[in-house]
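Structure file protein34.cif (mmCIF, C-alpha atoms) follows.
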data_data
#
loop_
_atom_site.label_atom_id
_atom_site.label_comp_id
_atom_site.auth_asym_id
_atom_site.auth_seq_id
_atom_site.Cartn_x
_atom_site.Cartn_y
_atom_site.Cartn_z
CA MET A 3 44.36 82.91 91.25
CA ARG A 4 42.08 83.64 88.32
CA ARG A 5 39.35 84.79 90.71
CA ARG A 6 41.77 87.24 92.36
CA LEU A 7 42.74 88.66 88.97
CA LEU A 8 39.08 89.13 88.03
CA VAL A 9 38.39 90.87 91.35
CA ALA A 10 41.45 93.10 90.86
CA ALA A 11 40.35 93.97 87.32
CA ALA A 12 36.85 94.85 88.56
CA LEU A 13 38.21 97.03 91.36
CA ILE A 14 40.62 98.81 89.08
CA GLY A 15 37.77 99.37 86.66
CA LEU A 16 36.05 101.32 89.43
CA GLY A 17 38.80 103.95 89.30
CA ALA A 18 40.86 105.38 92.16
CA GLY A 19 38.58 103.84 94.77
CA GLY A 20 39.13 100.45 93.20
CA VAL A 21 42.88 100.97 93.17
CA ALA A 22 42.83 101.88 96.88
CA VAL A 23 40.79 98.77 97.70
CA ALA A 24 43.06 96.54 95.60
CA ASP A 25 46.06 98.07 97.36
CA PHE A 26 44.47 97.57 100.79
CA LEU A 27 43.64 93.94 100.02
CA GLN A 28 47.16 93.36 98.64
CA ILE A 29 45.70 92.07 95.37
CA GLY A 30 48.37 91.31 92.81
CA ARG A 31 51.28 91.93 95.20
CA THR A 32 54.25 89.64 94.85
CA GLU A 33 57.31 89.51 97.04
CA PRO A 34 60.36 90.82 95.19
CA PRO A 35 63.14 88.22 95.16
CA LEU A 36 66.48 89.04 96.72
CA LEU A 37 69.02 90.30 94.23
CA PRO A 38 72.28 88.34 93.79
CA GLU A 39 74.76 88.77 96.65
CA PRO A 40 77.01 91.35 94.90
CA GLU A 41 73.97 93.64 94.42
CA ARG A 42 72.78 93.41 98.03
CA ALA A 43 73.51 95.86 100.81
CA ASP A 44 75.75 94.72 103.62
CA ARG A 45 74.85 97.78 105.70
CA ILE A 46 72.03 100.32 105.97
CA LEU A 47 72.61 103.86 107.20
CA VAL A 48 69.70 106.07 108.26
CA GLU A 49 70.44 109.72 108.94
CA LYS A 50 67.43 111.15 110.73
CA ALA A 51 68.35 114.84 110.40
CA ALA A 52 68.85 114.44 106.64
CA ARG A 53 65.74 112.21 106.32
CA ARG A 54 67.87 109.79 104.30
CA LEU A 55 68.34 106.01 104.08
CA THR A 56 71.46 104.76 102.29
CA LEU A 57 72.15 101.18 101.21
CA LEU A 58 75.86 100.36 101.23
CA ARG A 59 78.05 97.47 100.13
CA GLY A 60 81.46 98.01 101.66
CA GLU A 61 82.06 101.73 101.08
CA GLN A 62 80.08 101.77 97.83
CA VAL A 63 76.69 103.51 97.91
CA LEU A 64 74.15 101.27 96.18
CA ALA A 65 71.16 103.60 96.57
CA THR A 66 69.87 106.51 98.64
CA TYR A 67 66.23 107.21 99.53
CA PRO A 68 64.42 110.11 101.22
CA VAL A 69 62.41 108.95 104.25
CA SER A 70 59.72 109.95 106.71
CA LEU A 71 60.25 109.20 110.39
CA GLY A 72 58.23 108.95 113.56
CA PHE A 73 55.86 111.84 114.24
CA THR A 74 58.23 113.15 116.98
CA PRO A 75 61.53 112.71 115.16
CA ALA A 76 64.01 114.53 117.44
CA GLY A 77 65.88 112.35 119.90
CA PRO A 78 66.15 108.60 120.35
CA LYS A 79 63.19 106.34 121.05
CA THR A 80 62.87 105.80 124.80
CA ARG A 81 59.42 104.33 125.30
CA GLU A 82 56.40 102.88 123.60
CA GLY A 83 54.19 105.51 121.98
CA ASP A 84 56.72 108.36 122.00
CA GLY A 85 56.61 108.66 118.19
CA ARG A 86 60.39 108.63 117.92
CA THR A 87 62.56 106.62 115.58
CA PRO A 88 65.31 104.79 117.52
CA GLU A 89 68.97 105.71 117.26
CA GLY A 90 71.78 103.18 117.41
CA ILE A 91 73.03 100.04 115.71
CA TYR A 92 70.53 97.26 115.09
CA SER A 93 69.97 94.61 112.43
CA ILE A 94 67.17 93.47 110.15
CA ALA A 95 65.33 90.78 112.13
CA PHE A 96 62.91 89.61 109.42
CA ARG A 97 61.33 90.43 106.06
CA ASN A 98 57.54 90.76 105.94
CA PRO A 99 55.93 90.41 102.49
CA LYS A 100 52.39 90.64 103.98
CA SER A 101 52.91 93.89 105.88
CA VAL A 102 50.12 96.39 106.53
CA ALA A 103 52.54 98.90 104.99
CA HIS A 104 53.19 97.33 101.57
CA LEU A 105 56.41 95.47 102.46
CA SER A 106 58.50 95.82 105.59
CA LEU A 107 61.84 95.00 107.16
CA LYS A 108 61.77 94.59 110.95
CA VAL A 109 64.48 96.48 112.85
CA SER A 110 65.82 94.61 115.91
CA TYR A 111 64.81 97.43 118.27
CA PRO A 112 64.79 97.29 121.28
CA SER A 113 68.33 96.17 121.94
CA PRO A 114 69.02 94.66 125.36
CA ALA A 115 70.38 98.08 126.44
CA ASP A 116 67.23 99.86 125.17
CA ALA A 117 65.02 97.38 127.04
CA ALA A 118 67.05 97.68 130.26
CA ALA A 119 66.98 101.49 130.16
CA ALA A 120 63.20 101.52 129.64
CA GLN A 121 62.71 98.97 132.42
CA ALA A 122 64.82 101.08 134.80
CA ARG A 123 62.44 103.99 134.10
CA GLY A 124 59.42 101.74 134.58
CA GLU A 125 58.38 102.09 130.95
CA ALA A 126 57.86 99.73 128.01
CA PRO A 127 60.51 100.30 125.31
CA GLY A 128 58.11 99.79 122.41
CA GLY A 129 58.90 97.71 119.38
CA ASP A 130 57.70 96.83 115.90
CA ILE A 131 60.07 99.33 114.34
CA MET A 132 60.18 98.76 110.59
CA VAL A 133 61.50 100.12 107.35
CA HIS A 134 58.29 100.07 105.32
CA GLY A 135 56.30 101.36 102.39
CA LEU A 136 53.02 103.24 102.60
CA MET A 137 50.09 101.88 104.56
CA ASN A 138 47.93 99.55 102.48
CA GLY A 139 45.24 101.60 100.75
CA PHE A 140 47.44 104.71 100.63
CA SER A 141 49.83 103.96 97.77
CA TRP A 142 48.22 106.86 95.91
CA ALA A 143 50.06 109.23 98.30
CA GLY A 144 53.41 108.32 96.72
CA ARG A 145 56.07 110.94 97.44
CA LEU A 146 53.57 113.20 99.20
CA HIS A 147 54.20 111.19 102.38
CA ARG A 148 57.53 113.00 102.68
CA MET A 149 55.81 116.27 103.49
CA MET A 150 55.63 115.26 107.16
CA ASP A 151 56.91 112.67 109.62
CA TRP A 152 53.95 110.35 110.03
CA THR A 153 55.05 106.93 111.28
CA GLN A 154 54.83 105.63 114.85
CA GLY A 155 58.65 105.51 114.96
CA CYS A 156 59.37 103.59 111.78
CA ILE A 157 61.20 104.60 108.61
CA GLY A 158 58.78 105.18 105.75
CA VAL A 159 59.47 105.20 102.00
CA THR A 160 57.29 104.96 98.89
CA ASN A 161 56.13 101.51 97.81
CA ALA A 162 58.38 101.55 94.72
CA GLU A 163 61.36 102.44 96.91
CA MET A 164 60.42 99.72 99.40
CA ARG A 165 60.40 97.12 96.63
CA GLU A 166 63.96 98.15 95.69
CA ILE A 167 65.13 98.13 99.32
CA TYR A 168 63.42 94.79 100.02
CA ALA A 169 65.22 93.19 97.06
CA ARG A 170 68.62 94.39 98.33
CA VAL A 171 68.36 93.67 102.07
CA ASP A 172 68.45 90.28 103.76
CA VAL A 173 67.84 89.23 107.34
CA GLY A 174 70.83 90.05 109.55
CA THR A 175 71.89 93.17 107.63
CA PRO A 176 73.14 95.80 110.11
CA ILE A 177 71.21 99.07 110.22
CA GLU A 178 72.70 102.15 111.87
CA ILE A 179 70.26 104.93 112.72
CA ARG A 180 72.00 108.24 113.42
CA PRO A 181 70.47 111.44 114.84
#

Encoding of this model in C-alpha cells:
Amino acid sequence: MRRRLLVAAALIGLGAGGVAVADFLQIGRTEPPLLPEPERADRILVEKAARRLTLLRGEQVLATYPVSLGFTPAGPKTREGDGRTPEGIYSIAFRNPKSVAHLSLKVSYPSPADAAAAQARGEAPGGDIMVHGLMNGFSWAGRLHRMMDWTQGCIGVTNAEMREIYARVDVGTPIEIRP
C-alpha cells in the first residue's frame, strides 16, 4: 500500500499527465460503501430525450444527474454495435468497482425479449450496458463529456456523480430507460 501511495505521489507530482496515469491505473481509488437503506434508491429512471438519470425512493426524488448516452441515441438498442442505449425496464445486475470507466453498474440488458427479437433478425443483441463514470485516464474531462453522446450504448456521468450513484444503488434495483 505504501508503494502505491509513493507511486501516486510521484505521478501527481508530474502534473496533469501524472494525474491521467494515476486515474488510468486506478491508483488511490476506493469503492464507496452503500449508504444506509433509507438513503438508497429503490428505482432508477433514465429519460433519454432529457439526458437525465433520476434516483428515486418511492415517489421521492433522491438525486438527478445529466447524462451522456450511446453515440446514436435515438431509438431503442436492437443489435450489438448500433451505438444505442436500450429502452425498457431492466435491473442492476452487478456493481463493478474495478471498471474501465471509474465505477460501473451493469444493466441487465438484454432481456429475454430483447435477445429473442435480435435472434429472430439474425443479429446479436449486444450487452455490457452500464451506468458508468468517465473512462479511466479521462477524469479530467469532467462535465465536458456532456457536450456529446459518446458511449457505446451506456449511460455516462462524471466520476463524482458515479460515486454518489454507486453509493445509493444496490444489485437488483430496477432501472427504467425511457425514450

**Message:** Residues near Leu105 of chain A, anyone? I mean within 10 Å using all atoms listed in the file, not counting same-chain ones fewer than 6 positions away, as a ChimeraX atom specification.
**Reply:** /A:31-34,97-99,132-138,161,164-165,167-168

**Message:** Env of segment 46-48 of chain A: 8 Å cut, atoms = all atoms listed in the file, seq-sep filter 6 positions within chain, self excluded. Answer as a ChimeraX atom specification.
**Reply:** /A:54-58,175-180

**Message:** Suppose a student applies the PyMOL selection byres ((chain A and resi 126) around 8) to this structure; what residues should they get, written as a list in words?
**Reply:** Arg81, Glu82, Ala117, Ala120, Gln121, Gly124, Glu125, Pro127 and Gly128 of chain A

Calculate, to one decimal in Å, the centre and edge lengths of the box along x, y and z of the file that holds all listed atoms of segment 71-81 of chain A with 8 Å of margin on each side, and present them as JSON.
{"center_x": 61.0, "center_y": 109.4, "center_z": 117.8, "size_x": 26.3, "size_y": 26.2, "size_z": 30.9}

**Request:** Specify as a ChimeraX atom specification each residue included when the PyMOL selection byres ((chain A and resi 90) around 12) is applied to this file.
**Result:** /A:46-50,77-80,87-89,91-93,109-116,176-181

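What the PyMOL selection byres ((chain A and resi 59-70) around 7) picks from this file is A:Arg42, A:Ala43, A:Asp44, A:Arg45, A:Arg53, A:Arg54, A:Leu55, A:Thr56, A:Leu57, A:Leu58, A:Leu71, A:Arg148, A:Met150, A:Asp151, A:Trp152, A:Ile157, A:Gly158, A:Val159.
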
**Fill in**
Between A:Glu163, A:Arg86, A:Val173, A:Gly155, smallest distance to Lys108 of chain A by only C-alpha atoms belongs to A:Val173

**Asked** Please, what distance in Å, to one decimal, runs between atom CA of Asp172 of chain A and atom CA of Thr160 of chain A?
**Response**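 Atom CA of Thr160 of chain A lies 19.1 Å from atom CA of Asp172 of chain A.
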
**Option closest in space to Thr153 of chain A, from A:Ile131, A:Ala119, A:Ala52, A:Val171 [counting only C-alpha atoms]** =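 Using only C-alpha atoms, the shortest distance to Thr153 of chain A belongs to A:Ile131.
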
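When atom CA of Gly72 of chain A is paired with atom CA of Arg170 of chain A, their separation reads 23.5 Å.
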
**Request:** Can you work out which one of A:Cys156, A:Ala118, A:Met149, A:Ala76 has the shortest atom-to-atom distance to Ala103 of chain A, counting only C-alpha atoms?
**Result:**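 Residue with the minimum atom-to-atom distance to Ala103 of chain A: A:Cys156.
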
**Request:** Record the distance separating atom CA of Gln154 of chain A and atom CA of Phe73 of chain A, expressed in Å with one decimal.
**Result:**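 Pair atom CA of Gln154 of chain A / atom CA of Phe73 of chain A returns 6.3 Å.
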
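With all atoms listed in the file as the atoms that count, the minimum distance from Ala169 of chain A to the choices A:Pro75, A:Lys100, A:Ala51, A:Ser106 is reached by A:Ser106.
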
**Request:** Rank nothing, just name the residue among A:Val102, A:Asp84, A:Gly174, A:Ser141 nearest to Gly129 of chain A, using only C-alpha atoms.
**Result:**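 Distance minimum relative to Gly129 of chain A lands on A:Asp84.
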